[in-house]
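Quick notes on the structure that follows.
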Amino acid sequence: MKPLRILILSEQNNPDWISVPLVGYRHSEALARRHHVHLVTHVRNKPAHDKKQGPFTDVTYIDLGWVDTFYDWMFRVIFKGDFGSQTLTAMRLPCYLIFEWLAWRRLKQAVGEKTYDCILRITPVAPVLPSPWARWLASSQVPFIIGPINGGLPFPVGYQQAQKQKEWISSLRRLYRWMPYARSTYQKAQAIIVGSSQTHQEFAEFSDKLFFIPENGITPEMLQNRSAIRDAGRPLRLLFVGRLVPFKACDLAMKGAVPLLRQGLAHLMIVGDGAERSRLESLAKEWGVTEHMTFTGMISHDDTMQHFAKADILLFPSVREFGGGVVFEALAKGTVPIVSDYGGPGDIVHPAIGFKIPLTDEKQAVDFITHTLEYLQRDRAKLVELSQAGQQYARAFLTWEGKAELTSAVLAWTLGQGKKPEQPLQSR
């Protein structure tokens with residue numbers, strides 16, 4: 001395939017951060033290794049980009065000035081640093097619109113001169129945050145592609161973890177369809193890439209131009225070969241990685257592991273921090289398992305990878321997870337995932353590589369975790385089998401290079417340079 005000239009819009013794009021900014025960087029970097037990529041991102045990302053020296057043909061940095069000053073104050077004072085707040089996402093809408101307007105003002109002439117073959121917006125990933133570029137490009141004959149978009153996962157019933165996390169603004173989500181540019185973003189886009197089966201269902205009306213490519217990915221250096229020999233005499237090494245907030249359901253992971261922890265047959269390491277930490281530490285004490293648990297707090301991504309490399313099992317019963325990047329990392333390191341059968345993790349994990357907890361209620365989730373851990377404690381050979389299968393799966397389907405290849409096929413299709421791509425990862 002001949003390299004394309006791609007203009008990538010990615011306001012959140014930073015190799016030193018986690019979550020969406022890291023997704024934005026990894027995805028655009030992988031595409032830049034195949035194509036001529038001009039990246040447009042926020043000026044806050046410039047120091048990290050200067051240090052990383054990525055493979056981009058050009059990078060344009062957008063500075064929002066006083067708008068950023070006001071938002072930073074709001075983030076610190078009103079939202080207390082909670083970047084996962086849905087209300088915060090809604091409040092960011094004007095910032096994204098201003099970012100894209102400033103980017104258009106800077107690059108409108110180049111677009112008109114056909115400098116780029118196509119325009120791809122990678123971040124933000126939330127589908128409720130539209131892009132005016134879709135309408136502005138309508139008469140230019142330059143295709144606009146958006147994605148991966150991911151979100152809209154309903155809060156499940158029967159879980160206090162979901163109810164504690166749910167915000168008032170959740171009930172107003174459908175109103176985004178009436179926001180400026182909301183309709184034109186998806187009507188005028190030549191292709192829409194979605195990152196989960198839930199979002200795929202939500203945008204089913206655009207099925208003729210809809211593609212399912214999971215949001216997250218792994219780098220080659222994350223992959224490791226696990227030894228086929230596991231000491232059946234040592235305790236299972238259990239790992240939870242994530243923010244300690246209600247919907248991540250770390251308490252369900254702990255409660256499900258309690259029977260093995262009390263017997264000294266397992267050790268559970270909690271990597272992450274958040275408002276739930278003190279409550280979780282109190283539960284560990286109440287259940288008499290403190291000596292068989294470790295709370296690391298917030299640590300670096302590199303240190304987290306070291307914990308994955310040593311862990312046997314990832315316990316991640318989050319009840320509302322869009323992408324589930326930690327599941328990708330677990331598979332790359334040979335850590336067997338036990339996840340909720342919902343959202344991003346439910347799309348990725350299948351019986352040959354891990355276990356999916358039926359999303360029924362808290363009691364059944366805890367029972368499932370307990371029974372699965374007891375089974376793996378007895379059968380270490382099965383643990384090895386799942387570990388190795390997961391690593392093979394990660395190599396074949398979950399690398400950023402693999403995602404860049406799939407995305408490239410979508411872009412080529414919009415340009416009439418290839419057939420509509422088949423997708424090896426289908427929503428489950």
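Just remember, in the structure tokens the first chain shown is A, the second B, etc., residues are 1-based per chain, and ligands are 1-based in the order shown.
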Based on the backbone DSSP call, show me all residues of stretch 211-271 of chain A assigned strand (DSSP E or B), as a PDB file with C-alpha atoms, in the first residue's frame.
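Once written, result17.pdb looks like this:
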ATOM      1  CA  PHE A 211     -15.755  -0.528  11.563  1.00  0.00           C
ATOM      2  CA  PHE A 212     -14.929  -2.243  14.841  1.00  0.00           C
ATOM      3  CA  ILE A 218       0.252  -2.941  23.020  1.00  0.00           C
ATOM      4  CA  LEU A 236      -1.103 -17.457  43.338  1.00  0.00           C
ATOM      5  CA  ARG A 237      -0.019 -13.915  42.485  1.00  0.00           C
ATOM      6  CA  LEU A 238      -3.183 -11.889  41.944  1.00  0.00           C
ATOM      7  CA  LEU A 239      -3.188  -8.358  40.561  1.00  0.00           C
ATOM      8  CA  PHE A 240      -5.705  -5.522  40.309  1.00  0.00           C
ATOM      9  CA  VAL A 241      -4.693  -2.430  38.305  1.00  0.00           C
ATOM     10  CA  ALA A 266      -2.775 -16.323  47.156  1.00  0.00           C
ATOM     11  CA  HIS A 267      -1.461 -12.771  47.470  1.00  0.00           C
ATOM     12  CA  LEU A 268      -3.385  -9.830  45.984  1.00  0.00           C
ATOM     13  CA  MET A 269      -1.565  -6.686  44.885  1.00  0.00           C
ATOM     14  CA  ILE A 270      -3.644  -3.535  44.318  1.00  0.00           C
ATOM     15  CA  VAL A 271      -1.966  -1.076  41.931  1.00  0.00           C
TER      16      VAL A 271
END
> Which is closer to A:Tyr186 than all the others in A:Pro337, A:Gly158, A:Gly217, A:Pro132, using only C-alpha atoms?
Replying inline: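 Nearest candidate to A:Tyr186 out of A:Pro337, A:Gly158, A:Gly217, A:Pro132: A:Pro132.
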Tell me, as a PDB file with N, CA and C atoms, in the first residue's frame, which residues lie within 7 Å of stretch 250-265 of chain A, counting only C-alpha atoms; anything in the same chain fewer than 2 positions away does not count.
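Full text of out.pdb as output:
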ATOM      1  N   PRO A 235       1.986 -19.441  46.518  1.00  0.00           N
ATOM      2  CA  PRO A 235       0.668 -18.807  46.408  1.00  0.00           C
ATOM      3  C   PRO A 235       0.467 -18.187  45.025  1.00  0.00           C
ATOM      4  N   LEU A 236      -0.778 -18.147  44.583  1.00  0.00           N
ATOM      5  CA  LEU A 236      -1.103 -17.457  43.338  1.00  0.00           C
ATOM      6  C   LEU A 236      -0.831 -15.968  43.504  1.00  0.00           C
ATOM      7  N   LEU A 244      -8.941   3.498  42.041  1.00  0.00           N
ATOM      8  CA  LEU A 244      -9.751   2.964  43.127  1.00  0.00           C
ATOM      9  C   LEU A 244     -10.994   3.827  43.290  1.00  0.00           C
ATOM     10  N   LYS A 248     -14.872   0.520  39.240  1.00  0.00           N
ATOM     11  CA  LYS A 248     -13.799  -0.432  38.959  1.00  0.00           C
ATOM     12  C   LYS A 248     -13.979  -1.726  39.757  1.00  0.00           C
ATOM     13  N   HIS A 267      -1.785 -14.129  47.023  1.00  0.00           N
ATOM     14  CA  HIS A 267      -1.461 -12.771  47.470  1.00  0.00           C
ATOM     15  C   HIS A 267      -2.030 -11.813  46.433  1.00  0.00           C
ATOM     16  N   LEU A 280     -11.250   0.289  51.061  1.00  0.00           N
ATOM     17  CA  LEU A 280     -10.739  -1.025  50.672  1.00  0.00           C
ATOM     18  C   LEU A 280      -9.736  -1.542  51.696  1.00  0.00           C
ATOM     19  N   VAL A 289      -7.372 -10.223  55.933  1.00  0.00           N
ATOM     20  CA  VAL A 289      -6.472 -10.619  54.838  1.00  0.00           C
ATOM     21  C   VAL A 289      -5.378  -9.577  54.589  1.00  0.00           C
ATOM     22  N   HIS A 292      -1.968 -10.583  53.452  1.00  0.00           N
ATOM     23  CA  HIS A 292      -1.886 -11.244  52.150  1.00  0.00           C
ATOM     24  C   HIS A 292      -2.253 -10.280  51.015  1.00  0.00           C
ATOM     25  N   LEU A 315      -7.248  -9.678  38.227  1.00  0.00           N
ATOM     26  CA  LEU A 315      -8.636  -9.594  38.668  1.00  0.00           C
ATOM     27  C   LEU A 315      -9.152  -8.202  38.320  1.00  0.00           C
ATOM     28  N   PHE A 316     -10.079  -8.127  37.366  1.00  0.00           N
ATOM     29  CA  PHE A 316     -10.543  -6.820  36.901  1.00  0.00           C
ATOM     30  C   PHE A 316     -12.051  -6.872  36.636  1.00  0.00           C
ATOM     31  N   PRO A 317     -12.848  -6.886  37.715  1.00  0.00           N
ATOM     32  CA  PRO A 317     -14.301  -6.999  37.557  1.00  0.00           C
ATOM     33  C   PRO A 317     -15.013  -5.661  37.358  1.00  0.00           C
ATOM     34  N   VAL A 366     -18.955 -12.389  42.753  1.00  0.00           N
ATOM     35  CA  VAL A 366     -17.992 -12.823  43.778  1.00  0.00           C
ATOM     36  C   VAL A 366     -17.832 -14.340  43.747  1.00  0.00           C
ATOM     37  N   ASP A 367     -18.952 -15.067  43.652  1.00  0.00           N
ATOM     38  CA  ASP A 367     -18.889 -16.533  43.610  1.00  0.00           C
ATOM     39  C   ASP A 367     -18.102 -17.006  42.401  1.00  0.00           C
ATOM     40  N   ILE A 369     -15.707 -15.420  40.789  1.00  0.00           N
ATOM     41  CA  ILE A 369     -14.280 -15.149  41.013  1.00  0.00           C
ATOM     42  C   ILE A 369     -13.682 -16.199  41.946  1.00  0.00           C
ATOM     43  N   THR A 370     -14.379 -16.487  43.044  1.00  0.00           N
ATOM     44  CA  THR A 370     -13.880 -17.463  44.017  1.00  0.00           C
ATOM     45  C   THR A 370     -13.689 -18.836  43.382  1.00  0.00           C
TER      46      THR A 370
END
List as a tab-separated table every residue of stretch 167-263 of chain A that is in contact with stretch 105-127 of chain A, defined as an atom at most 12 Å from one of its atoms (using only C-alpha atoms), together with the nearest atom pair and the distance in Å rounded to one decimal, sorted by chain and then rising number.
residue	atom	partner	partner_atom	distance
A:Arg173	CA	A:Pro127	CA	10.4
A:Arg174	CA	A:Pro127	CA	10.9
A:Tyr176	CA	A:Pro127	CA	8.9
A:Arg177	CA	A:Pro127	CA	9.9
A:Met179	CA	A:Pro127	CA	11.8
A:Tyr181	CA	A:Pro127	CA	11.8
A:Ala182	CA	A:Pro127	CA	9.0
A:Arg183	CA	A:Pro127	CA	11.1
A:Thr185	CA	A:Pro127	CA	9.6
A:Tyr186	CA	A:Pro127	CA	9.5
A:Ala189	CA	A:Leu120	CA	9.8
A:Gln190	CA	A:Cys118	CA	9.8
A:Ala191	CA	A:Leu120	CA	9.5
A:Ile192	CA	A:Leu120	CA	9.9
A:Ile193	CA	A:Ile122	CA	9.4
A:Val194	CA	A:Val125	CA	9.0
A:Gly195	CA	A:Val125	CA	8.7
A:Ser196	CA	A:Val125	CA	11.3
A:Gln198	CA	A:Pro127	CA	11.8
A:Thr199	CA	A:Pro127	CA	8.5
A:His200	CA	A:Pro127	CA	11.2
A:Glu202	CA	A:Pro127	CA	10.0
A:Phe203	CA	A:Pro127	CA	9.8
A:Pro214	CA	A:Val125	CA	11.6
A:Glu215	CA	A:Val125	CA	8.6
A:Asn216	CA	A:Val125	CA	11.1
> Using only C-alpha atoms, which residue out of A:Gln377, A:Gln224, A:Ser340, A:Ser300 lies closest to A:Pro358?
Replying inline: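 When distances to A:Pro358 are compared using only C-alpha atoms, the smallest one comes from A:Ser340.
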>> Just to confirm, what's the straight-line distance from atom CA of A:Trp136 to atom CA of A:Ile6 in Å (one decimal)?
In response: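 According to the coordinates, atom CA of A:Trp136 and atom CA of A:Ile6 are separated by 16.7 Å.
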>> At a cut-off of 12 Å, using only C-alpha atoms, what residues contact A:Gly242? Leave out same-chain residues fewer than 4 positions from it and give the result as JSON, numbers by chain.
In response: {"A": [18, 19, 84, 246, 247, 248, 249, 250, 253, 269, 270, 271, 272, 273, 274, 276, 277, 295, 296, 297, 298, 299, 301, 304, 314, 315, 316, 317, 318, 321, 324, 325, 326, 327]}
Store the residues picked out above, limited to N, CA and C atoms, as a compact mmCIF listing (two decimals), in the first residue's frame.
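The resulting file, part.txt, is shown below:
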# COMPACT_ATOMS: atom_id res chain seq x y z
N ILE A 18 -1.21 8.46 30.63
CA ILE A 18 -1.92 7.19 30.54
C ILE A 18 -3.28 7.45 29.91
N SER A 19 -4.08 6.39 29.78
CA SER A 19 -5.44 6.47 29.30
C SER A 19 -5.50 7.07 27.90
N GLY A 84 -11.92 11.26 35.38
CA GLY A 84 -12.90 10.28 34.92
C GLY A 84 -14.34 10.76 35.03
N PRO A 246 -15.52 3.53 42.62
CA PRO A 246 -16.54 2.49 42.75
C PRO A 246 -16.71 1.57 41.55
N PHE A 247 -16.84 2.13 40.32
CA PHE A 247 -17.21 1.27 39.20
C PHE A 247 -16.10 0.30 38.79
N LYS A 248 -14.87 0.52 39.24
CA LYS A 248 -13.80 -0.43 38.96
C LYS A 248 -13.98 -1.73 39.76
N ALA A 249 -14.80 -1.68 40.79
CA ALA A 249 -15.23 -2.85 41.56
C ALA A 249 -14.06 -3.63 42.14
N CYS A 250 -13.07 -2.94 42.65
CA CYS A 250 -11.95 -3.61 43.31
C CYS A 250 -12.43 -4.40 44.53
N ALA A 253 -13.25 -7.88 43.53
CA ALA A 253 -12.03 -8.67 43.32
C ALA A 253 -11.50 -9.16 44.67
N MET A 269 -2.19 -8.00 44.95
CA MET A 269 -1.56 -6.69 44.88
C MET A 269 -2.51 -5.71 44.20
N ILE A 270 -2.77 -4.58 44.84
CA ILE A 270 -3.64 -3.54 44.32
C ILE A 270 -2.77 -2.39 43.83
N VAL A 271 -2.75 -2.16 42.52
CA VAL A 271 -1.97 -1.08 41.93
C VAL A 271 -2.92 0.04 41.52
N GLY A 272 -2.79 1.18 42.14
CA GLY A 272 -3.66 2.30 41.82
C GLY A 272 -4.03 3.06 43.08
N ASP A 273 -4.73 4.16 42.89
CA ASP A 273 -5.14 4.99 44.03
C ASP A 273 -6.47 5.65 43.70
N GLY A 274 -7.10 6.21 44.72
CA GLY A 274 -8.37 6.87 44.50
C GLY A 274 -9.17 6.98 45.78
N GLU A 276 -11.60 5.39 46.95
CA GLU A 276 -12.03 4.16 47.60
C GLU A 276 -10.92 3.49 48.42
N ARG A 277 -9.70 4.00 48.34
CA ARG A 277 -8.59 3.27 48.94
C ARG A 277 -8.77 3.02 50.44
N PHE A 295 -1.08 -2.73 48.90
CA PHE A 295 -1.57 -1.54 48.19
C PHE A 295 -0.35 -0.72 47.79
N THR A 296 -0.11 -0.57 46.50
CA THR A 296 1.08 0.16 46.05
C THR A 296 0.84 1.65 45.92
N GLY A 297 -0.43 2.07 45.80
CA GLY A 297 -0.69 3.46 45.45
C GLY A 297 -0.41 3.68 43.98
N MET A 298 -0.37 4.94 43.56
CA MET A 298 -0.10 5.27 42.16
C MET A 298 1.39 5.10 41.87
N ILE A 299 1.72 4.30 40.87
CA ILE A 299 3.11 4.07 40.48
C ILE A 299 3.26 4.29 38.98
N HIS A 301 4.07 3.68 34.94
CA HIS A 301 3.63 2.65 34.00
C HIS A 301 4.68 1.54 33.90
N THR A 304 4.37 -0.68 36.83
CA THR A 304 3.16 -1.49 36.69
C THR A 304 3.41 -2.68 35.78
N LEU A 314 -4.91 -11.44 36.50
CA LEU A 314 -5.45 -10.09 36.65
C LEU A 314 -6.91 -10.21 37.06
N LEU A 315 -7.25 -9.68 38.23
CA LEU A 315 -8.64 -9.59 38.67
C LEU A 315 -9.15 -8.20 38.32
N PHE A 316 -10.08 -8.13 37.37
CA PHE A 316 -10.54 -6.82 36.90
C PHE A 316 -12.05 -6.87 36.64
N PRO A 317 -12.85 -6.89 37.72
CA PRO A 317 -14.30 -7.00 37.56
C PRO A 317 -15.01 -5.66 37.36
N SER A 318 -14.34 -4.69 36.74
CA SER A 318 -14.95 -3.38 36.51
C SER A 318 -16.30 -3.54 35.83
N GLU A 321 -16.47 -0.50 31.75
CA GLU A 321 -15.14 -0.24 31.19
C GLU A 321 -15.24 -0.16 29.67
N GLY A 324 -10.43 -0.80 28.52
CA GLY A 324 -9.79 -1.84 29.30
C GLY A 324 -8.35 -2.08 28.90
N GLY A 325 -7.55 -1.01 28.86
CA GLY A 325 -6.15 -1.15 28.46
C GLY A 325 -5.36 -2.11 29.33
N VAL A 326 -5.72 -2.21 30.61
CA VAL A 326 -4.98 -3.12 31.50
C VAL A 326 -5.15 -4.57 31.07
N VAL A 327 -6.26 -4.90 30.42
CA VAL A 327 -6.47 -6.27 29.94
C VAL A 327 -5.51 -6.58 28.79
> When DSSP works through the backbone of this structure, what residues of stretch 250-413 of chain A end up as helix (DSSP H, G or I), shown as a ChimeraX atom specification?
Replying inline: /A:250-262,277-286,290-292,301-310,325-333,343-348,362-378,380-397,400-413
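With only C-alpha atoms as the atoms that count, the residue of A:Lys51, A:His371, A:Arg243, A:His27 with the shortest distance to A:Ile357 is A:His371.
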> Excluding same-chain residues fewer than 3 positions from A:Val40, what lies within 9 Å of it counting only C-alpha atoms, as a list of chain:residue names?
Replying inline: A:Leu7, A:Ile8, A:Leu9, A:Ser10, A:Glu11, A:Asp58, A:Val59, A:Thr60, A:Tyr61, A:Ile62, A:Ala103
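Considering only C-alpha atoms, the residue among A:Ala275, A:Val67, A:Phe206, A:His35 positioned nearest to A:Lys2 is A:His35.
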